[in-house]
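Student: Have a look at the structure that comes next, please.
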Protein chains: 2
Amino acid sequence: MKLESIVEPICPRPLHSEVADRLRDLIVQGEFEPGTRLNERLLTERFGISRTPLREAIKMLASEGLVQLLPNRGAVVTAITRKSALDMFQVMGVLESLAGELACARATDQDIEEIANLHATMRRHYKRRELNEYFRLNQEIHQRIVDCAGNAELADIYRRLSVRLRRARYMANYSKERWDEAMAEHEQILEALSQRNARRLKTLLATHLDNKLKVIEDWLGTVEPAPQKRAPARA
Amino acid sequence: MKLESIVEPICPRPLHSEVADRLRDLIVQGEFEPGTRLNERLLTERFGISRTPLREAIKMLASEGLVQLLPNRGAVVTAITRKSALDMFQVMGVLESLAGELACARATDQDIEEIANLHATMRRHYKRRELNEYFRLNQEIHQRIVDCAGNAELADIYRRLSVRLRRARYMANYSKERWDEAMAEHEQILEALSQRNARRLKTLLATHLDNKLKVIEDWLGTVEPAPQKRAPARA
DNA sequence: GCCGCTTCGATTGCATACAACCGACTCGAT
DNA sequence: ATCGAGTCGGTTGTATGCAATCGAAGCGGC
């Protein structure tokens with residue numbers, strides 16, 4: 001009997017960890033909009049757990065910056081402002097730049113091959129206009145590039161920042177033109193990485209990021225200036 | 001009656017937040033060495049609280065990367081390896097570089113004046129050889145430079161990374177020569193900021209950081225190669 | 001009619017109780 | 001003597017109960 005056939009984790013993960021993941025997804029995917037209050041009773045019923053692990057999970061999300069803790073009044077999903085998005089992109093920029101540099105120097109051929117495979121899969125989804133799968137692989141590729149920079153701290157910080165940034169990207173609408181453009185950029189990024197051309201990779205990553213930012217800015221431009229209608233905020 | 005005279009927080013902070021701070025201090029200052037297991041019973045007795053807020057605090061520290069959660073076996077203080085220190089410094093480098101750039105562009109004259117004051121105080125402590133106070137102000141100055149870059153996300157990420165790095169710096173011994181050198185570097189850093197000379201500031205910050213790294217590397221060099229004696233790890 | 005105080009329901013913060021799990025030890029069989 | 005199953009103390013994971021707090025609605029005084 002192959003050991004690999006035992007796929008389901010024998011040891012069930014702790015509830016607080018599981019719940020944190022699910023809550024994180026709900027927030028990142030925009031199901032819980034910014035400003036939404038996390039009502040503990042509702043959430044315990046939703047997840048079928050008690051308040052203890054839920055509260056532990058909320059504390060973790062607070063440390064990740066996804067929710068804000070208001071003493072005696074629970075937690076609310078943090079807002080995404082134009083300023084905060086700009087700030088995050090700016091940090092993202094230097095992180096990706098460093099990652100690109102290191103990745104060119106340290107990535108193994110196998111690393112690059114795996115990224116190329118992900119890229120190929122992403123291209124298929126792109127051609128089929130499967131936006132969600134495309135997004136997921138897009139994200140995965142970026143993370144993999146950072147991972148193979150061989151700097152675990154960088155990878156970790158990048159991951160956390162990505163999560164928060166992804167919230168904005170889930171909300172912003174991708175135009176067809178932008179999608180085509182992004183795909184083209186990705187082709188070039190992969191090429192530069194394959195050639196281990198650090199300077200070019202850094203430039204490409206910066207451009208790519210800048211274009212992402214533009215998309216989000218457009219979205220924020222249409223949404224933010226008129227926040228008169230505060231979200232009713234139901235959990 | 002001046003409102004500012006009400007100094008003590010009217011609303012007592014939640015226990016989990018208070019405990020998180022105290023635990024963080026204990027870890028950063030090296031009282032809990034890497035590998036130390038956090039025994040919940042002992043800690044609840046020590047702090048005089050129940051396990052609920054303690055566990056919430058531990059989850060927060062885990063999200064900050066100060067402790068590692070082992071399912072069903074609690075939390076242990078994360079190790080500091082040569083590699084992880086190097087990695088953190090590398091990230092620190094690009095963050096400070098960005099911060100320096102932005103700070104030169106955005107800092108108000110008042111910001112700079114306040115930093116200059118902190119610097120003057122630090123110099124006094126330096127002259128009196130008051131290492132702890134010097135360290136505290138040193139840290140504060142760096143954080144203030146980053147803060148006045150006007151990028152809240154950057155400031156936050158920088159702060160978290162600083163906390164983890166400070167652990168290493170608490171352990172490494174400062175030689176008198178290095179201290180003199182560091183103080184001189186700080187004089188130059190302040191000067192560059194005052195002149196809003198971004199390029200120079202970035203260079204100086206990079207050099208300063210690099211020298212810090214060297215100190216830690218020396219310490220790690222003496223400690224790490226022979227980790228045969230695993231810490232007994234009492235909480 | 002408007003403002004402030006009081007009361008009440010709902011919610012969070014904390015403490016405690018119970019269950020599941022881990023690791024070490026004992027003890028017996030080979 | 002060594003290995004393995006079984007047991008037990010201690011620890012962590014989860015659920016629940018109680019106290020403190022908040023916000024809003026109700027109420028009386030001006």
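Residues are referred to by chain and number: the chain letter is A, B, ... according to the order shown in the structure tokens, the number counts from 1 in that chain, and ligands are numbered separately from 1 in the order shown.
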If you run DSSP on the backbone here, which positions in segment 49-189 of chain B get alpha helix (DSSP H)? Please write them as a PyMOL selection string.

Tutor: chain B and resi 51-64+82-106+109-127+131-147+152-171+176-189

Student: Give me a file of those residues, with C-alpha atoms, as a short mmCIF file (atom, residue, chain, number, x, y, z; two decimals), in the first residue's frame.

Tutor:
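That gives us result_12.cif:
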```cif
data_model
loop_
_atom_site.label_atom_id
_atom_site.label_comp_id
_atom_site.auth_asym_id
_atom_site.auth_seq_id
_atom_site.Cartn_x
_atom_site.Cartn_y
_atom_site.Cartn_z
CA ARG B 51 -5.49 30.71 30.05
CA THR B 52 -7.93 32.35 27.65
CA PRO B 53 -6.26 35.75 27.25
CA LEU B 54 -2.86 34.11 27.49
CA ARG B 55 -3.61 31.83 24.60
CA GLU B 56 -4.91 34.74 22.57
CA ALA B 57 -1.67 36.58 23.22
CA ILE B 58 0.38 33.57 22.19
CA LYS B 59 -1.54 33.34 18.93
CA MET B 60 -0.68 36.95 18.23
CA LEU B 61 3.00 36.37 18.91
CA ALA B 62 2.85 33.38 16.61
CA SER B 63 1.51 35.60 13.84
CA GLU B 64 4.39 37.95 14.50
CA ARG B 82 22.64 32.83 11.12
CA LYS B 83 20.59 32.38 8.00
CA SER B 84 17.44 33.93 9.40
CA ALA B 85 19.38 36.90 10.73
CA LEU B 86 21.02 37.41 7.38
CA ASP B 87 17.66 37.17 5.66
CA MET B 88 16.08 39.66 8.00
CA PHE B 89 18.91 42.12 7.48
CA GLN B 90 18.55 41.82 3.76
CA VAL B 91 14.88 42.72 3.95
CA MET B 92 15.64 45.43 6.46
CA GLY B 93 18.01 46.88 3.94
CA VAL B 94 15.46 47.48 1.23
CA LEU B 95 12.89 48.70 3.73
CA GLU B 96 15.24 51.26 5.22
CA SER B 97 16.35 52.30 1.80
CA LEU B 98 12.79 53.01 0.75
CA ALA B 99 12.14 54.71 4.06
CA GLY B 100 15.18 56.93 3.69
CA GLU B 101 14.13 57.96 0.24
CA LEU B 102 10.60 58.80 1.31
CA ALA B 103 11.64 60.44 4.55
CA CYS B 104 13.88 62.91 2.74
CA ALA B 105 10.99 63.83 0.52
CA ARG B 106 8.19 63.92 3.03
CA ASP B 109 10.90 70.19 9.55
CA GLN B 110 9.29 69.35 12.84
CA ASP B 111 9.81 65.64 12.24
CA ILE B 112 13.47 66.25 11.67
CA GLU B 113 13.75 68.47 14.68
CA GLU B 114 12.21 65.81 16.89
CA ILE B 115 14.55 63.20 15.54
CA ALA B 116 17.46 65.57 16.14
CA ASN B 117 16.33 65.91 19.73
CA LEU B 118 16.17 62.17 20.15
CA HIS B 119 19.59 61.99 18.62
CA ALA B 120 20.96 64.53 21.08
CA THR B 121 19.56 62.56 23.97
CA MET B 122 21.03 59.40 22.57
CA ARG B 123 24.40 61.06 22.29
CA ARG B 124 24.25 61.92 25.98
CA HIS B 125 23.57 58.32 26.87
CA TYR B 126 26.39 57.30 24.58
CA LYS B 127 28.79 59.59 26.37
CA LEU B 131 23.91 51.12 26.81
CA ASN B 132 20.28 50.30 27.46
CA GLU B 133 19.03 53.84 27.09
CA TYR B 134 21.23 54.25 24.05
CA PHE B 135 19.73 51.17 22.47
CA ARG B 136 16.23 52.28 23.16
CA LEU B 137 16.76 55.66 21.56
CA ASN B 138 18.69 54.15 18.71
CA GLN B 139 15.71 51.96 17.97
CA GLU B 140 13.34 54.86 18.41
CA ILE B 141 15.26 57.04 15.98
CA HIS B 142 15.27 54.41 13.30
CA GLN B 143 11.57 53.88 13.76
CA ARG B 144 10.92 57.60 13.62
CA ILE B 145 12.79 57.94 10.37
CA VAL B 146 10.66 55.19 8.93
CA ASP B 147 7.52 56.70 10.40
CA ALA B 152 1.99 53.38 7.30
CA GLU B 153 2.33 49.93 5.78
CA LEU B 154 6.07 50.30 5.54
CA ALA B 155 6.23 51.53 9.11
CA ASP B 156 4.23 48.58 10.33
CA ILE B 157 6.25 45.97 8.51
CA TYR B 158 9.43 47.64 9.62
CA ARG B 159 8.30 47.61 13.21
CA ARG B 160 7.53 43.91 13.19
CA LEU B 161 10.79 43.03 11.59
CA SER B 162 12.64 45.27 14.02
CA VAL B 163 11.17 43.43 16.95
CA ARG B 164 12.50 40.14 15.71
CA LEU B 165 15.87 41.54 14.83
CA ARG B 166 16.22 43.21 18.18
CA ARG B 167 16.29 39.77 19.73
CA ALA B 168 19.56 39.11 18.00
CA ARG B 169 20.92 42.52 18.86
CA TYR B 170 20.16 42.02 22.52
CA MET B 171 22.29 38.95 22.48
CA LYS B 176 33.46 49.81 22.45
CA GLU B 177 34.90 50.37 18.99
CA ARG B 178 31.72 49.35 17.29
CA TRP B 179 29.73 51.59 19.57
CA ASP B 180 31.88 54.59 18.70
CA GLU B 181 31.58 53.77 15.06
CA ALA B 182 27.81 53.38 15.26
CA MET B 183 27.46 56.71 16.99
CA ALA B 184 29.50 58.38 14.27
CA GLU B 185 27.31 56.77 11.64
CA HIS B 186 24.25 58.11 13.38
CA GLU B 187 25.64 61.62 13.32
CA GLN B 188 26.02 61.32 9.58
CA ILE B 189 22.58 59.83 9.15
#
```

Student: If we count only C-alpha atoms (C1' of nucleotides), which residues of chain D reach to within 10 Å of chain B? Please list them as a PyMOL selection string.

Tutor: chain D and resi 11-13

Student: Identify, on the basis of only C-alpha atoms (C1' of nucleotides), every residue whose closest approach to Thr78 of chain A does not exceed 7 Å; exclude the query and any residue fewer than 3 positions from it along the same chain; express the result as a list in words.

Tutor: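 Returned residues: Pro34, Gly35, Leu66, Val67 and Gln68 of chain A.
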
Student: Any idea what the distance is between atom CA of Leu38 of chain B and atom CA of His16 of chain B?

Tutor: 15.2 Å

Student: Name all residues at most 12 Å from segment 28-30 of chain D (count only C-alpha atoms (C1' of nucleotides); drop same-chain ones fewer than 5 positions away) and give them as a list in words.

Tutor: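 Neighbouring residues, sequence-local ones excluded: DG1, DC2, DC3, DG4, DC5 and DT6 of chain C.
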
Student: Residues of chain C that approach chain B to 10 Å or less, counting only C-alpha atoms (C1' of nucleotides): could you list each one with the shortest pair of atoms and its distance in Å to one decimal, rows by chain and increasing residue number, as CSV?

Tutor:
```
residue,atom,partner,partner_atom,distance
C:DG13,C1',B:Pro14,CA,7.6
C:DC14,C1',B:Thr52,CA,7.0
C:DA15,C1',B:Ser50,CA,6.0
C:DT16,C1',B:Ser50,CA,8.6
C:DA20,C1',B:Asn72,CA,9.2
C:DC21,C1',B:Asn72,CA,6.5
C:DC22,C1',B:Asn72,CA,7.4
```

Student: Those same residues, written as a tab-separated table (two decimals), in the first residue's frame with C-alpha atoms (C1' of nucleotides)?

Tutor:
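Here's the written file again-v7.tsv:
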```tsv
chain	number	residue	atom	x	y	z
C	13	DG	C1'	-13.83	39.77	28.07
C	14	DC	C1'	-12.34	36.54	31.18
C	15	DA	C1'	-12.38	32.36	34.05
C	16	DT	C1'	-13.22	27.69	34.56
C	20	DA	C1'	-8.25	14.85	23.83
C	21	DC	C1'	-3.64	14.29	23.33
C	22	DC	C1'	1.44	13.55	24.20
```

Student: Could you tell me how far atom CA of Ala107 of chain B lies from atom CA of Thr203 of chain A, in Å and to one decimal?

Tutor: 27.8 Å

Student: So what do you get for atom CA of Ala172 of chain B versus atom CA of Phe32 of chain B, distance-wise?

Tutor: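 One can read the atom CA of Ala172 of chain B to atom CA of Phe32 of chain B distance as 15.5 Å.
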
Student: Fewer than 6 positions away in the same chain doesn't count, so skip those; otherwise give me all residues within 12 Å of DT26 of chain C, counting only C-alpha atoms (C1' of nucleotides), as a ChimeraX atom specification.

Tutor: /D:4-8

Student: Could those residues be written to a file, using N, CA and C atoms (P, O5', C5', C4', C3', O3' and C1' of nucleotides), as a compact mmCIF listing (two decimals), in the first residue's frame?

Tutor:
```
# COMPACT_ATOMS: atom_id res chain seq x y z
P DG D 4 9.52 -2.92 18.73
O5' DG D 4 8.15 -3.07 19.51
C5' DG D 4 7.54 -4.35 19.64
C4' DG D 4 6.46 -4.31 20.70
C3' DG D 4 5.49 -3.13 20.55
O3' DG D 4 4.16 -3.62 20.46
C1' DG D 4 6.30 -3.25 22.78
P DA D 5 2.95 -2.61 20.05
O5' DA D 5 1.95 -2.82 21.26
C5' DA D 5 1.64 -4.15 21.69
C4' DA D 5 1.08 -4.11 23.10
C3' DA D 5 -0.10 -3.14 23.29
O3' DA D 5 -1.11 -3.77 24.06
C1' DA D 5 1.67 -2.59 24.78
P DG D 6 -2.50 -3.01 24.37
O5' DG D 6 -2.24 -2.39 25.82
C5' DG D 6 -1.80 -3.25 26.87
C4' DG D 6 -1.64 -2.44 28.14
C3' DG D 6 -2.74 -1.39 28.38
O3' DG D 6 -3.18 -1.49 29.73
C1' DG D 6 -0.61 -0.33 28.41
P DT D 7 -4.42 -0.61 30.26
O5' DT D 7 -3.68 0.44 31.20
C5' DT D 7 -2.64 -0.01 32.07
C4' DT D 7 -1.96 1.19 32.70
C3' DT D 7 -2.89 2.31 33.15
O3' DT D 7 -2.59 2.64 34.49
C1' DT D 7 -1.13 3.19 31.83
P DC D 8 -3.61 3.53 35.35
O5' DC D 8 -2.74 4.84 35.61
C5' DC D 8 -1.32 4.71 35.81
C4' DC D 8 -0.69 6.08 35.73
C3' DC D 8 -1.59 7.23 36.16
O3' DC D 8 -0.85 8.16 36.94
C1' DC D 8 -0.83 7.62 33.98
```

Student: Rank nothing, just name the residue among A:His208, A:Gly65, A:Leu26, A:Arg196 nearest to chain B, using only C-alpha atoms.

Tutor: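 Closest to chain B of all the choices is A:Gly65.
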
Student: Which residues are close to DC8 of chain C, i.e. within 10 Å by only C-alpha atoms (C1' of nucleotides), leaving aside same-chain residues fewer than 2 positions away? Reply as an MDAnalysis selection string.

Tutor: (chainID C and resid 6 10) or (chainID D and resid 24:26)

Student: Would you return as a ChimeraX atom specification the members of segment 11-229 of chain B that DSSP assigns to strand (DSSP E or B) on this structure's backbone?

Tutor: /B:37-38,67-69,75-77

Student: Using only C-alpha atoms, which residue out of A:Arg129, A:Leu204, A:Asn211, A:Thr81 lies closest to chain B?

Tutor: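 Ranking A:Arg129, A:Leu204, A:Asn211, A:Thr81 by distance to chain B, first place goes to A:Thr81.
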